[in-house]
Each structure stands twice: as structure tokens, then as C-alpha cells.
>>> print(open('input20.cif').read())   # mmCIF, C-alpha atoms and all ligand atoms
data_coords
loop_
_atom_site.label_atom_id
_atom_site.label_comp_id
_atom_site.auth_asym_id
_atom_site.auth_seq_id
_atom_site.Cartn_x
_atom_site.Cartn_y
_atom_site.Cartn_z
CA MET A 1 108.96 134.38 121.07
CA GLU A 2 110.52 133.14 124.27
CA THR A 3 110.70 129.37 124.62
CA LYS A 4 110.38 127.80 128.04
CA VAL A 5 112.17 124.46 128.37
CA VAL A 6 111.46 122.06 131.22
CA ILE A 7 112.80 118.56 131.69
CA ILE A 8 110.58 115.88 133.13
CA ASP A 9 111.83 112.72 134.85
CA GLU A 10 109.97 110.01 132.91
CA LYS A 11 110.47 107.47 135.71
CA ASN A 12 109.04 109.76 138.35
CA ILE A 13 106.61 112.02 136.52
CA ASP A 14 105.95 115.44 138.04
CA GLU A 15 102.24 115.97 137.27
CA SER A 16 102.56 119.75 137.58
CA LEU A 17 104.80 119.80 134.51
CA ILE A 18 102.25 117.77 132.55
CA LYS A 19 99.57 120.26 133.61
CA GLU A 20 101.74 123.19 132.56
CA ALA A 21 102.35 121.69 129.09
CA ALA A 22 98.64 120.84 128.77
CA GLU A 23 97.66 124.44 129.59
CA TYR A 24 99.60 125.71 126.58
CA ILE A 25 97.89 123.20 124.30
CA LYS A 26 94.44 123.97 125.73
CA MET A 27 95.10 127.69 125.08
CA GLY A 28 95.73 126.89 121.42
CA GLU A 29 99.53 126.89 121.58
CA VAL A 30 102.05 124.30 120.40
CA VAL A 31 104.33 122.24 122.65
CA ALA A 32 107.20 119.85 121.91
CA PHE A 33 107.00 116.64 123.95
CA PRO A 34 108.71 113.24 124.14
CA THR A 35 107.31 110.02 122.72
CA GLU A 36 108.86 106.58 122.31
CA THR A 37 109.33 107.07 118.54
CA VAL A 38 110.64 110.64 118.17
CA TYR A 39 109.75 113.94 119.84
CA GLY A 40 106.43 115.41 118.69
CA LEU A 41 105.28 118.99 118.17
CA GLY A 42 101.74 118.94 119.47
CA ALA A 43 98.61 121.07 119.32
CA ASP A 44 94.92 120.48 120.00
CA ALA A 45 93.92 118.33 116.99
CA LEU A 46 90.37 119.79 117.01
CA ASN A 47 91.52 123.43 116.94
CA ALA A 48 92.29 124.53 113.37
CA GLU A 49 94.03 127.74 114.42
CA ALA A 50 96.30 125.88 116.83
CA VAL A 51 97.14 123.26 114.21
CA LYS A 52 98.19 125.98 111.75
CA LYS A 53 100.88 127.01 114.23
CA ILE A 54 102.51 123.57 113.89
CA PHE A 55 102.90 124.10 110.15
CA GLN A 56 104.30 127.60 110.73
CA ALA A 57 106.81 126.57 113.40
CA LYS A 58 108.17 123.66 111.33
CA GLY A 59 107.95 125.31 107.92
CA ARG A 60 105.90 122.27 106.93
CA PRO A 61 104.24 122.07 103.50
CA GLN A 62 100.49 122.69 103.83
CA ASP A 63 99.57 119.43 102.13
CA ASN A 64 101.47 117.16 104.54
CA PRO A 65 98.90 115.81 107.04
CA LEU A 66 99.39 115.38 110.79
CA ILE A 67 98.89 112.31 112.93
CA ILE A 68 96.53 112.57 115.88
CA HIS A 69 97.60 111.02 119.17
CA VAL A 70 95.01 109.45 121.46
CA ALA A 71 95.06 107.91 124.93
CA ASP A 72 91.80 105.96 124.64
CA PHE A 73 90.81 103.01 122.45
CA ASP A 74 87.38 104.52 121.84
CA ILE A 75 88.02 106.66 118.74
CA LYS A 76 84.49 106.62 117.25
CA LYS A 77 84.22 110.39 117.61
CA TYR A 78 87.17 110.92 115.29
CA VAL A 79 86.95 108.18 112.67
CA LYS A 80 84.06 106.90 110.51
CA GLU A 81 84.38 103.19 111.17
CA VAL A 82 86.77 100.87 112.95
CA PRO A 83 86.85 97.69 110.83
CA GLU A 84 87.67 94.33 112.40
CA LYS A 85 91.25 94.39 111.04
CA ALA A 86 91.86 97.79 112.60
CA LYS A 87 90.53 96.56 115.94
CA LYS A 88 93.01 93.69 115.84
CA LEU A 89 95.89 96.04 115.02
CA MET A 90 94.90 98.35 117.86
CA GLU A 91 94.63 95.50 120.34
CA LYS A 92 97.98 94.10 119.36
CA PHE A 93 100.10 97.19 118.82
CA TRP A 94 98.58 100.04 120.85
CA PRO A 95 99.94 101.70 122.79
CA GLY A 96 103.01 101.71 120.54
CA PRO A 97 104.64 102.86 117.30
CA LEU A 98 101.77 102.11 114.89
CA THR A 99 99.69 104.80 113.17
CA ILE A 100 96.48 103.64 111.49
CA VAL A 101 94.89 105.67 108.68
CA PHE A 102 91.07 105.79 108.93
CA ASN A 103 88.31 107.74 107.19
CA LYS A 104 87.85 110.80 109.38
CA GLN A 105 84.83 112.34 111.04
CA ASP A 106 84.03 116.02 110.41
CA ILE A 107 85.08 116.93 113.95
CA ILE A 108 88.70 116.67 112.71
CA PRO A 109 89.40 119.97 110.94
CA ASP A 110 90.71 119.88 107.37
CA GLU A 111 93.80 121.75 108.60
CA THR A 112 94.76 118.71 110.70
CA SER A 113 94.34 116.21 107.84
CA ALA A 114 95.73 118.66 105.24
CA GLN A 115 92.41 118.51 103.35
CA LEU A 116 92.39 114.69 103.17
CA LYS A 117 89.26 112.75 104.07
CA THR A 118 91.41 110.37 106.09
CA ILE A 119 93.29 110.76 109.36
CA GLY A 120 96.23 108.89 110.90
CA VAL A 121 95.67 107.89 114.53
CA ARG A 122 98.23 106.58 117.02
CA MET A 123 98.29 105.74 120.71
CA PRO A 124 101.86 106.29 121.95
CA SER A 125 103.27 104.13 124.72
CA SER A 126 105.27 106.95 126.31
CA GLU A 127 103.71 107.57 129.72
CA VAL A 128 104.45 111.31 129.50
CA ALA A 129 102.71 111.53 126.12
CA LEU A 130 99.70 109.57 127.40
CA LYS A 131 99.36 111.71 130.50
CA LEU A 132 99.62 114.87 128.40
CA ILE A 133 96.88 113.70 126.01
CA ARG A 134 94.60 112.82 128.95
CA GLU A 135 95.24 116.15 130.64
CA VAL A 136 94.45 118.07 127.42
CA GLY A 137 91.25 116.06 126.96
CA THR A 138 91.33 116.07 123.15
CA PRO A 139 93.63 114.23 120.71
CA ILE A 140 96.97 115.92 120.15
CA ALA A 141 97.95 116.47 116.52
CA ALA A 142 101.69 116.06 116.22
CA PRO A 143 104.28 115.61 113.53
CA SER A 144 107.94 115.21 114.49
CA ALA A 145 109.32 118.25 116.37
CA ASN A 146 112.00 119.17 113.83
CA LEU A 147 112.19 121.86 111.16
CA SER A 148 110.70 120.41 108.01
CA GLY A 149 113.28 118.39 106.05
CA LYS A 150 115.73 117.90 108.91
CA PRO A 151 116.31 114.61 110.77
CA SER A 152 113.64 113.95 113.39
CA PRO A 153 114.49 114.81 117.01
CA THR A 154 115.20 111.93 119.36
CA ARG A 155 116.36 114.05 122.28
CA VAL A 156 115.33 117.38 123.73
CA GLU A 157 118.49 119.14 122.53
CA HIS A 158 117.37 118.53 118.93
CA CYS A 159 114.00 120.21 119.63
CA ILE A 160 115.73 123.18 121.25
CA GLU A 161 118.08 123.48 118.28
CA ASP A 162 115.23 123.55 115.75
CA LEU A 163 112.37 125.24 117.59
CA SER A 164 113.84 127.76 120.04
CA GLY A 165 112.08 131.07 119.56
CA LYS A 166 109.40 129.40 117.41
CA VAL A 167 107.32 127.62 120.07
CA PRO A 168 106.44 128.72 123.62
CA PHE A 169 107.11 125.44 125.46
CA ILE A 170 109.36 122.41 125.13
CA LEU A 171 108.81 119.47 127.46
CA GLY A 172 111.99 117.40 127.53
CA GLY A 173 112.28 113.82 128.69
CA GLU A 174 114.36 110.79 127.90
CA TYR A 175 115.98 109.84 124.58
CA SER A 176 113.35 108.38 122.29
CA GLU A 177 113.43 104.62 122.75
CA VAL A 178 112.58 103.54 119.18
CA GLY A 179 114.28 106.47 117.43
CA VAL A 180 112.41 106.24 114.10
CA GLU A 181 108.86 107.42 113.46
CA SER A 182 105.82 105.17 113.73
CA THR A 183 104.85 102.66 111.08
CA ILE A 184 101.87 104.04 109.13
CA VAL A 185 99.35 101.51 107.84
CA ASP A 186 96.40 102.52 105.68
CA ILE A 187 93.32 100.38 106.32
CA THR A 188 90.94 102.29 104.02
CA GLY A 189 91.78 100.30 100.86
CA ASP A 190 91.16 96.67 99.86
CA LYS A 191 94.36 95.48 101.50
CA LEU A 192 96.36 96.87 104.41
CA CYS A 193 99.11 99.04 103.00
CA VAL A 194 102.22 100.30 104.80
CA LEU A 195 102.85 103.94 103.83
CA ARG A 196 105.82 104.41 106.13
CA PRO A 197 107.89 101.61 107.71
CA GLY A 198 108.71 102.04 111.38
CA GLY A 199 108.95 100.35 114.74
CA ILE A 200 106.19 97.83 113.98
CA THR A 201 107.69 95.63 111.26
CA LEU A 202 106.04 93.96 108.28
CA SER A 203 106.39 90.52 109.86
CA MET A 204 104.64 91.80 113.00
CA LEU A 205 101.78 93.20 110.87
CA LYS A 206 101.55 89.91 108.97
CA GLU A 207 100.63 88.18 112.20
CA VAL A 208 97.39 90.16 112.04
CA ASP A 209 96.87 90.14 108.28
CA GLU A 210 98.82 87.97 105.83
CA GLU A 211 97.96 90.26 102.91
CA VAL A 212 99.54 93.45 104.21
CA TYR A 213 102.05 94.95 101.78
CA ILE A 214 104.52 97.81 101.71
CA ASP A 215 103.74 100.55 99.20
CA PRO A 216 106.44 100.13 96.50
CA ALA A 217 107.14 103.87 96.59
CA VAL A 218 108.52 103.49 100.12
CA MET A 219 111.90 102.09 99.10
CA GLU A 220 112.38 103.46 95.60
CA LYS A 221 113.26 106.81 94.17
CA PRO A 222 109.93 108.38 93.21
CA ARG A 223 109.45 108.90 89.48
CA GLU A 224 108.74 112.38 88.10
CA ASP A 225 105.01 111.67 87.73
CA PHE A 226 104.76 109.99 91.15
CA LYS A 227 101.44 110.55 92.94
CA PRO A 228 102.02 109.46 96.53
CA LYS A 229 99.36 107.85 98.70
CA ALA A 230 100.83 109.69 101.68
CA PRO A 231 101.77 113.27 100.86
CA GLY A 232 104.81 113.02 103.12
CA MET A 233 106.33 110.47 100.73
CA LYS A 234 107.16 113.05 98.11
CA TYR A 235 109.33 115.28 100.27
CA ARG A 236 113.09 115.04 100.77
CA HIS A 237 113.48 114.23 104.41
CA TYR A 238 115.84 113.62 107.27
CA ALA A 239 118.60 115.51 105.52
CA PRO A 240 121.77 116.73 107.21
CA LYS A 241 123.56 119.75 105.67
CA ALA A 242 126.17 117.66 103.86
CA PRO A 243 125.09 115.30 101.07
CA VAL A 244 124.76 111.62 101.97
CA LYS A 245 125.81 108.61 99.85
CA ILE A 246 124.96 105.01 100.75
CA ILE A 247 127.25 102.12 99.84
CA CYS A 248 125.30 98.90 99.48
CA GLY A 249 126.70 95.40 99.15
CA GLU A 250 128.59 92.71 100.96
CA LEU A 251 130.19 94.18 104.08
CA GLN A 252 133.88 93.63 103.23
CA LYS A 253 133.35 95.16 99.79
CA THR A 254 131.46 98.07 101.31
CA VAL A 255 134.31 98.86 103.68
CA ALA A 256 136.88 98.63 100.87
CA LYS A 257 134.81 100.93 98.65
CA ILE A 258 134.34 103.48 101.44
CA ASN A 259 138.06 103.46 102.25
CA GLU A 260 138.85 104.07 98.59
CA MET A 261 136.30 106.89 98.30
CA VAL A 262 137.44 108.62 101.47
CA GLN A 263 141.04 108.56 100.24
CA ASN A 264 140.03 110.05 96.89
CA TYR A 265 137.98 112.81 98.51
CA LYS A 266 140.83 113.52 100.90
CA ASP A 267 143.20 113.95 97.98
CA ASP A 268 140.75 116.57 96.69
CA GLY A 269 140.88 118.35 100.06
CA LYS A 270 137.43 117.17 101.16
CA ARG A 271 136.45 116.08 104.66
CA VAL A 272 134.32 112.95 104.70
CA ALA A 273 132.28 111.42 107.51
CA ILE A 274 131.53 107.69 107.66
CA ILE A 275 128.45 106.12 109.20
CA ALA A 276 129.97 102.84 110.37
CA THR A 277 128.92 100.16 112.85
CA ASP A 278 130.60 98.67 115.92
CA GLU A 279 131.63 95.73 113.73
CA THR A 280 133.35 97.85 111.06
CA LYS A 281 134.54 101.07 112.65
CA ALA A 282 138.09 99.79 113.23
CA MET A 283 138.39 98.90 109.53
CA TYR A 284 138.37 102.51 108.34
CA LYS A 285 141.61 104.39 107.95
CA GLU A 286 140.61 108.01 107.40
CA GLY A 287 137.68 110.36 107.84
CA VAL A 288 135.33 111.18 110.68
CA ILE A 289 134.24 107.70 111.71
CA VAL A 290 131.03 107.35 113.73
CA SER A 291 129.41 104.09 114.75
CA VAL A 292 125.62 104.20 114.55
CA GLY A 293 125.17 101.00 116.57
CA THR A 294 125.72 97.28 116.34
CA ARG A 295 124.61 94.99 113.53
CA THR A 296 123.82 92.30 116.09
CA ASP A 297 121.07 94.53 117.53
CA ILE A 298 119.45 96.63 114.80
CA GLN A 299 117.38 98.49 117.43
CA THR A 300 120.55 100.34 118.44
CA VAL A 301 120.90 101.64 114.89
CA GLY A 302 117.28 102.84 114.91
CA LYS A 303 117.84 104.59 118.17
CA ASN A 304 121.00 106.42 117.06
CA LEU A 305 120.44 107.13 113.37
CA PHE A 306 118.87 110.62 113.57
CA LYS A 307 121.23 111.70 116.35
CA VAL A 308 124.24 110.71 114.25
CA LEU A 309 122.86 112.45 111.13
CA ARG A 310 122.39 115.63 113.16
CA GLU A 311 125.87 115.49 114.71
CA PHE A 312 127.49 115.91 111.30
CA ASP A 313 125.94 119.37 110.96
CA ASP A 314 128.34 120.65 113.62
CA MET A 315 131.36 118.85 112.21
CA ASP A 316 131.80 120.77 109.01
CA VAL A 317 132.05 117.75 106.71
CA ASP A 318 131.70 117.90 102.91
CA LEU A 319 130.19 114.48 102.46
CA ILE A 320 128.67 111.67 104.54
CA ILE A 321 129.10 108.07 103.38
CA SER A 322 126.98 105.42 105.06
CA GLU A 323 127.03 101.66 105.15
CA ALA A 324 123.70 100.02 104.27
CA PHE A 325 121.55 97.68 106.37
CA ASP A 326 119.58 94.57 105.46
CA GLU A 327 116.06 95.57 104.48
CA TYR A 328 114.48 93.25 106.97
CA ASP A 329 112.49 93.98 110.16
CA LEU A 330 113.51 97.38 111.57
CA GLY A 331 116.13 97.55 108.80
CA VAL A 332 113.31 98.44 106.37
CA ALA A 333 112.54 101.62 108.34
CA ILE A 334 116.21 102.43 108.79
CA MET A 335 116.97 102.09 105.07
CA ASN A 336 113.85 104.10 104.20
CA ARG A 337 115.12 107.03 106.34
CA LEU A 338 118.71 106.68 105.11
CA LYS A 339 117.67 106.57 101.44
CA LYS A 340 115.53 109.67 101.87
CA SER A 341 118.32 111.51 103.64
CA ALA A 342 120.60 110.53 100.75
CA GLY A 343 118.05 111.56 98.12
CA PHE A 344 118.38 107.92 96.90
CA ASN A 345 122.08 108.37 96.12
CA ILE A 346 123.16 104.73 96.40
CA ILE A 347 126.29 103.02 95.08
CA TYR A 348 126.07 99.23 94.74
CA VAL A 349 129.29 97.26 95.16
P1 LIG B 401 105.57 113.43 110.57
O1 LIG B 401 105.11 114.75 110.30
O2 LIG B 401 107.05 113.43 110.46
O3 LIG B 401 105.11 112.73 111.77
O4 LIG B 401 104.94 112.66 109.40
C1 LIG B 401 103.59 112.28 109.43
C2 LIG B 401 103.45 111.40 108.28
O5 LIG B 401 102.20 110.79 108.30
C3 LIG B 401 103.56 112.13 106.96
O6 LIG B 401 104.46 111.44 106.13
C4 LIG B 401 102.18 112.07 106.41
O7 LIG B 401 102.16 112.07 105.00
C5 LIG B 401 101.63 110.80 107.03
N1 LIG B 401 100.19 110.86 107.19
C6 LIG B 401 99.53 111.51 108.13
N2 LIG B 401 98.20 111.41 107.94
C7 LIG B 401 98.02 110.67 106.85
C8 LIG B 401 96.89 110.22 106.12
N3 LIG B 401 95.67 110.54 106.48
N4 LIG B 401 97.10 109.48 105.03
C9 LIG B 401 98.35 109.16 104.66
N5 LIG B 401 99.44 109.56 105.29
C10 LIG B 401 99.30 110.31 106.38
MG MG B 402 108.62 114.30 110.40
#
>>> encode(input="input20.cif", output="C-alpha cells")
Amino acid sequence: METKVVIIDEKNIDESLIKEAAEYIKMGEVVAFPTETVYGLGADALNAEAVKKIFQAKGRPQDNPLIIHVADFDIKKYVKEVPEKAKKLMEKFWPGPLTIVFNKQDIIPDETSAQLKTIGVRMPSSEVALKLIREVGTPIAAPSANLSGKPSPTRVEHCIEDLSGKVPFILGGEYSEVGVESTIVDITGDKLCVLRPGGITLSMLKEVDEEVYIDPAVMEKPREDFKPKAPGMKYRHYAPKAPVKIICGELQKTVAKINEMVQNYKDDGKRVAIIATDETKAMYKEGVIVSVGTRTDIQTVGKNLFKVLREFDDMDVDLIISEAFDEYDLGVAIMNRLKKSAGFNIIYV
């Protein structure tokens, strides 16, 4: 399949490009498009045949549900009820990086929800995404626009790399502002439960509901008999080609441990990459040293993490060693993605 790529100026949106992308989706095709979290691979959420093409293009497991993206607060057609807590979350965090899991209406095909009776709904803040949804006229079902298992795309080049020849149209825009996927909060149980940490942090959610908690499975290595609340939790994710190890502990000790490890691997003829930060990058002696951002502004780490993980694929490294981040605010989402990319291979110092 030939893939058409167009780049849209997000500050001066050319409506004809939105219309062109929308035409593909209305015809039952899939389109990659920018959002503020990561790039999405979208199809008409109400069209089962179109939705199947998302799973095919990504190589996504059939039981991993999609999120539907809306541009209107009135979602009664798609979800059974909107409880008071959900209304508050929507008012406070939409449009933005928060996905809310509701009980779904029958109009949402089982293909979209991967046979679940629930559906995740999000209103993105990206103006291009909102215009595209409005132009299509139905919600857009979209997971991240990467091949299943790889780091999510935060720039159009990543989508081209993964999906060229597999989808007919890629709409490119700016680098994704947040850089990690949306927070997913399930409101169908007794208490609000975070299934995936993201741009909306636990302390932000607590402003709406004190009792909200993070599913314990989010930060720990799943046990053998683990039955996840969100099917996506059980898959290895965000993985570059080379294995990843995380070094966790006080910063000086972390740097010393990484320096020691890199030297040992070098002696064995192995090339090691280091995920460092602006504060530490000068402290490393050997290896491919990449700063992922500054510790004084954790948003920069969120924004760069997937890009940095992808860059190593072209560098021919045998191992990637990463510093850890405080599991606080956006750091929770960052560590969740890092741990999954490392398959929970963590060394404590
Ligand atoms: P992605 O495909 O990368 O955007 O991931 C979407 C994530 O949302 C996956 O981890 C899914 O498991 C999760 N998700 C989507 N819909 C639901 C739902 N109804 N219940 C729980 N998790 C969901
Ligand atoms: Mg994904």
C-alpha cells in the first residue's frame, strides 16, 4: 500500500488537509494524526471493519481495547451513564490527556472495545485532532500510532518509520507536547482507579476525588497469574531493540554504578547507551550518553523519553542503562513506561 504523508502547520491549520484526512476515515480507512499526548492511529470508532484495520496495521493483540476520541462533551450516545464524578473529571481535565473508562452503549462495536462492556473515552486538546474528529462526525478510535510493542510515536518520523506501506495516510504535525500517553481512570468501580498513569497526575485527580488510587499492577512486575483490569497492562511495551536496565537509587550512587557497569561491558566488547539527564550527563566517562531532559522540569523528560528510546535502535547498542526518576507527579508515568520498556529489570543501589 502506498502511504501519503502530509504535514500540517498546527499554528495555521489548513482545513483542506483536515478534510482530506477525514475523507479517508469516513471511507473506512485508517489515518495517523497528531495529538498532544502521542500520535494516534485513527479509524471511525463505530465502523467495526475500519477498526479491524488498526489492529492489523499495528500488529495489535485482539484483546487490547482502543480509546475513542471525542470533540463534544455530550457522550450519552456512546456510554451508559455519566456519573457525577465523571462529569467533574470531564469539566476539569477535558480537553486534555485524561481517558475515562465508562460502561459502553451498543453503538460502540465489540471490535472497538475488544469485547469489553466498557469503553475508554478522551477529548484531546490538540486542535488538529479536534478538528479531525468534528470533520469525521463520529468518535475516532485510536491507539498510539506505533507497531505494537515499540515506543509510542511523538513525532511524524516515528509514524512513518512504523507504518509506511501499512496505512494510506499520515497527517504530520508538531512534536507531541506531553509525550506520554493519556492517564486512564476507570470510573465503573466503587472507587476511581488509575489503570495507566499519564499527563494528568494522581494529585490532580485527587482534587476531584480524594479516594482515587493507582492500580498496584501499574508499577510492579505482573505475577504469573496476573489478571489485569486493563488488557494493555499485560503486554511488554515501549521496547527498543536493545534490552534496557534501570538503575534506581540516590543520584551519585546511580552514576557511580552506571560508570562501573559501562566499563565492565566495554571490557567485554559491548556497546552501552546511557539515558542520562542534563544534571548528570557530564559525569559519565564512556558509552553513548544521551540526556533525556532536565530533572528540574520533569515535563522535558516526558516529552523526550520515547524519542530517545527510539533513537537507540539506529545506534547499534547492545544494552541501554537508564537513570530512574522519582515516582511523583509525571514521574509516575515516566517510570511506568521505563519499567515496561525494561521488562522490570531494575537494579537498586
Ligand atoms: P494505546 O493503544 O497505546 O493507546 O493503549 C490504550 C490503552 O487503553 C490500552 O492499555 C488499553 O488496555 C486501555 N484501555 C482502553 N479501553 C479500555 C477499557 N475499556 N478498559 C480498560 N482499559 C482500556
Ligand atoms: Mg500504545
>>> atom_distance(input="input20.cif", atom1="atom CA of Val212 of chain A", atom2="atom CA of Gly302 of chain A")
22.7 Å
>>> closest_residue(input="input20.cif", among="A:Leu305, A:Ile8, A:Val30, A:Val244", to="Lys53 of chain A", atoms="all atoms listed in the file")
A:Val30
>>> closest_atom_pairs(input="input20.cif", of="chain A", to="ligand MG 402 (chain B)", cutoff="12 Å", atoms="only C-alpha atoms and all ligand atoms", output="JSON lines")
{"residue": "A:Thr37", "atom": "CA", "partner": "B:MG402", "partner_atom": "MG", "distance": 10.9}
{"residue": "A:Val38", "atom": "CA", "partner": "B:MG402", "partner_atom": "MG", "distance": 8.8}
{"residue": "A:Tyr39", "atom": "CA", "partner": "B:MG402", "partner_atom": "MG", "distance": 9.5}
{"residue": "A:Gly40", "atom": "CA", "partner": "B:MG402", "partner_atom": "MG", "distance": 8.6}
{"residue": "A:Leu41", "atom": "CA", "partner": "B:MG402", "partner_atom": "MG", "distance": 9.7}
{"residue": "A:Ile54", "atom": "CA", "partner": "B:MG402", "partner_atom": "MG", "distance": 11.6}
{"residue": "A:Phe55", "atom": "CA", "partner": "B:MG402", "partner_atom": "MG", "distance": 11.3}
{"residue": "A:Lys58", "atom": "CA", "partner": "B:MG402", "partner_atom": "MG", "distance": 9.4}
{"residue": "A:Gly59", "atom": "CA", "partner": "B:MG402", "partner_atom": "MG", "distance": 11.3}
{"residue": "A:Arg60", "atom": "CA", "partner": "B:MG402", "partner_atom": "MG", "distance": 9.1}
{"residue": "A:Pro61", "atom": "CA", "partner": "B:MG402", "partner_atom": "MG", "distance": 11.3}
{"residue": "A:Asn64", "atom": "CA", "partner": "B:MG402", "partner_atom": "MG", "distance": 9.7}
{"residue": "A:Pro65", "atom": "CA", "partner": "B:MG402", "partner_atom": "MG", "distance": 10.4}
{"residue": "A:Leu66", "atom": "CA", "partner": "B:MG402", "partner_atom": "MG", "distance": 9.3}
{"residue": "A:Ile67", "atom": "CA", "partner": "B:MG402", "partner_atom": "MG", "distance": 10.2}
{"residue": "A:Ala142", "atom": "CA", "partner": "B:MG402", "partner_atom": "MG", "distance": 9.2}
{"residue": "A:Pro143", "atom": "CA", "partner": "B:MG402", "partner_atom": "MG", "distance": 5.5}
{"residue": "A:Ser144", "atom": "CA", "partner": "B:MG402", "partner_atom": "MG", "distance": 4.2}
{"residue": "A:Ala145", "atom": "CA", "partner": "B:MG402", "partner_atom": "MG", "distance": 7.2}
{"residue": "A:Asn146", "atom": "CA", "partner": "B:MG402", "partner_atom": "MG", "distance": 6.8}
{"residue": "A:Leu147", "atom": "CA", "partner": "B:MG402", "partner_atom": "MG", "distance": 8.4}
{"residue": "A:Ser148", "atom": "CA", "partner": "B:MG402", "partner_atom": "MG", "distance": 6.9}
{"residue": "A:Gly149", "atom": "CA", "partner": "B:MG402", "partner_atom": "MG", "distance": 7.6}
{"residue": "A:Lys150", "atom": "CA", "partner": "B:MG402", "partner_atom": "MG", "distance": 8.1}
{"residue": "A:Pro151", "atom": "CA", "partner": "B:MG402", "partner_atom": "MG", "distance": 7.7}
{"residue": "A:Ser152", "atom": "CA", "partner": "B:MG402", "partner_atom": "MG", "distance": 5.9}
{"residue": "A:Pro153", "atom": "CA", "partner": "B:MG402", "partner_atom": "MG", "distance": 8.9}
{"residue": "A:Thr154", "atom": "CA", "partner": "B:MG402", "partner_atom": "MG", "distance": 11.4}
{"residue": "A:Gly179", "atom": "CA", "partner": "B:MG402", "partner_atom": "MG", "distance": 11.9}
{"residue": "A:Val180", "atom": "CA", "partner": "B:MG402", "partner_atom": "MG", "distance": 9.6}
{"residue": "A:Glu181", "atom": "CA", "partner": "B:MG402", "partner_atom": "MG", "distance": 7.5}
{"residue": "A:Ser182", "atom": "CA", "partner": "B:MG402", "partner_atom": "MG", "distance": 10.1}
{"residue": "A:Arg196", "atom": "CA", "partner": "B:MG402", "partner_atom": "MG", "distance": 11.1}
{"residue": "A:Pro231", "atom": "CA", "partner": "B:MG402", "partner_atom": "MG", "distance": 11.8}
{"residue": "A:Gly232", "atom": "CA", "partner": "B:MG402", "partner_atom": "MG", "distance": 8.3}
{"residue": "A:Met233", "atom": "CA", "partner": "B:MG402", "partner_atom": "MG", "distance": 10.6}
{"residue": "A:Tyr235", "atom": "CA", "partner": "B:MG402", "partner_atom": "MG", "distance": 10.2}
{"residue": "A:Arg236", "atom": "CA", "partner": "B:MG402", "partner_atom": "MG", "distance": 10.6}
{"residue": "A:His237", "atom": "CA", "partner": "B:MG402", "partner_atom": "MG", "distance": 7.7}
{"residue": "A:Tyr238", "atom": "CA", "partner": "B:MG402", "partner_atom": "MG", "distance": 7.9}
{"residue": "A:Ala239", "atom": "CA", "partner": "B:MG402", "partner_atom": "MG", "distance": 11.2}
{"residue": "A:Phe306", "atom": "CA", "partner": "B:MG402", "partner_atom": "MG", "distance": 11.3}
{"residue": "A:Arg337", "atom": "CA", "partner": "B:MG402", "partner_atom": "MG", "distance": 10.6}
{"residue": "A:Lys340", "atom": "CA", "partner": "B:MG402", "partner_atom": "MG", "distance": 11.9}
>>> residues_near_point(input="input20.cif", point="(93.5, 125.6, 115.0)", cutoff="12 Å", atoms="all atoms listed in the file", output="MDAnalysis selection string")
chainID A and resid 25:30 42:56 108:113 140:141
>>> closest_residue(input="input20.cif", among="A:Lys117, A:Lys92, A:Lys281, A:His69", to="ligand LIG 401 (chain B)", atoms="all atoms listed in the file")
A:Lys117
>>> residues_around(input="input20.cif", residues="Lys166 of chain A", least_positions_apart="6", cutoff="8 Å", atoms="all atoms listed in the file", output="list in words")
Met1, Glu2, Thr3 and Ala57 of chain A
>>> atom_distance(input="input20.cif", atom1="atom CA of Glu161 of chain A", atom2="atom CA of Asp313 of chain A")
11.5 Å
>>> atom_distance(input="input20.cif", atom1="atom CA of Tyr328 of chain A", atom2="atom CA of Val290 of chain A")
22.8 Å
>>> closest_residue(input="input20.cif", among="A:Gly120, A:Gly96, A:Pro34, A:Gly189", to="ligand LIG 401 (chain B)", atoms="only C-alpha atoms and all ligand atoms")
A:Gly120
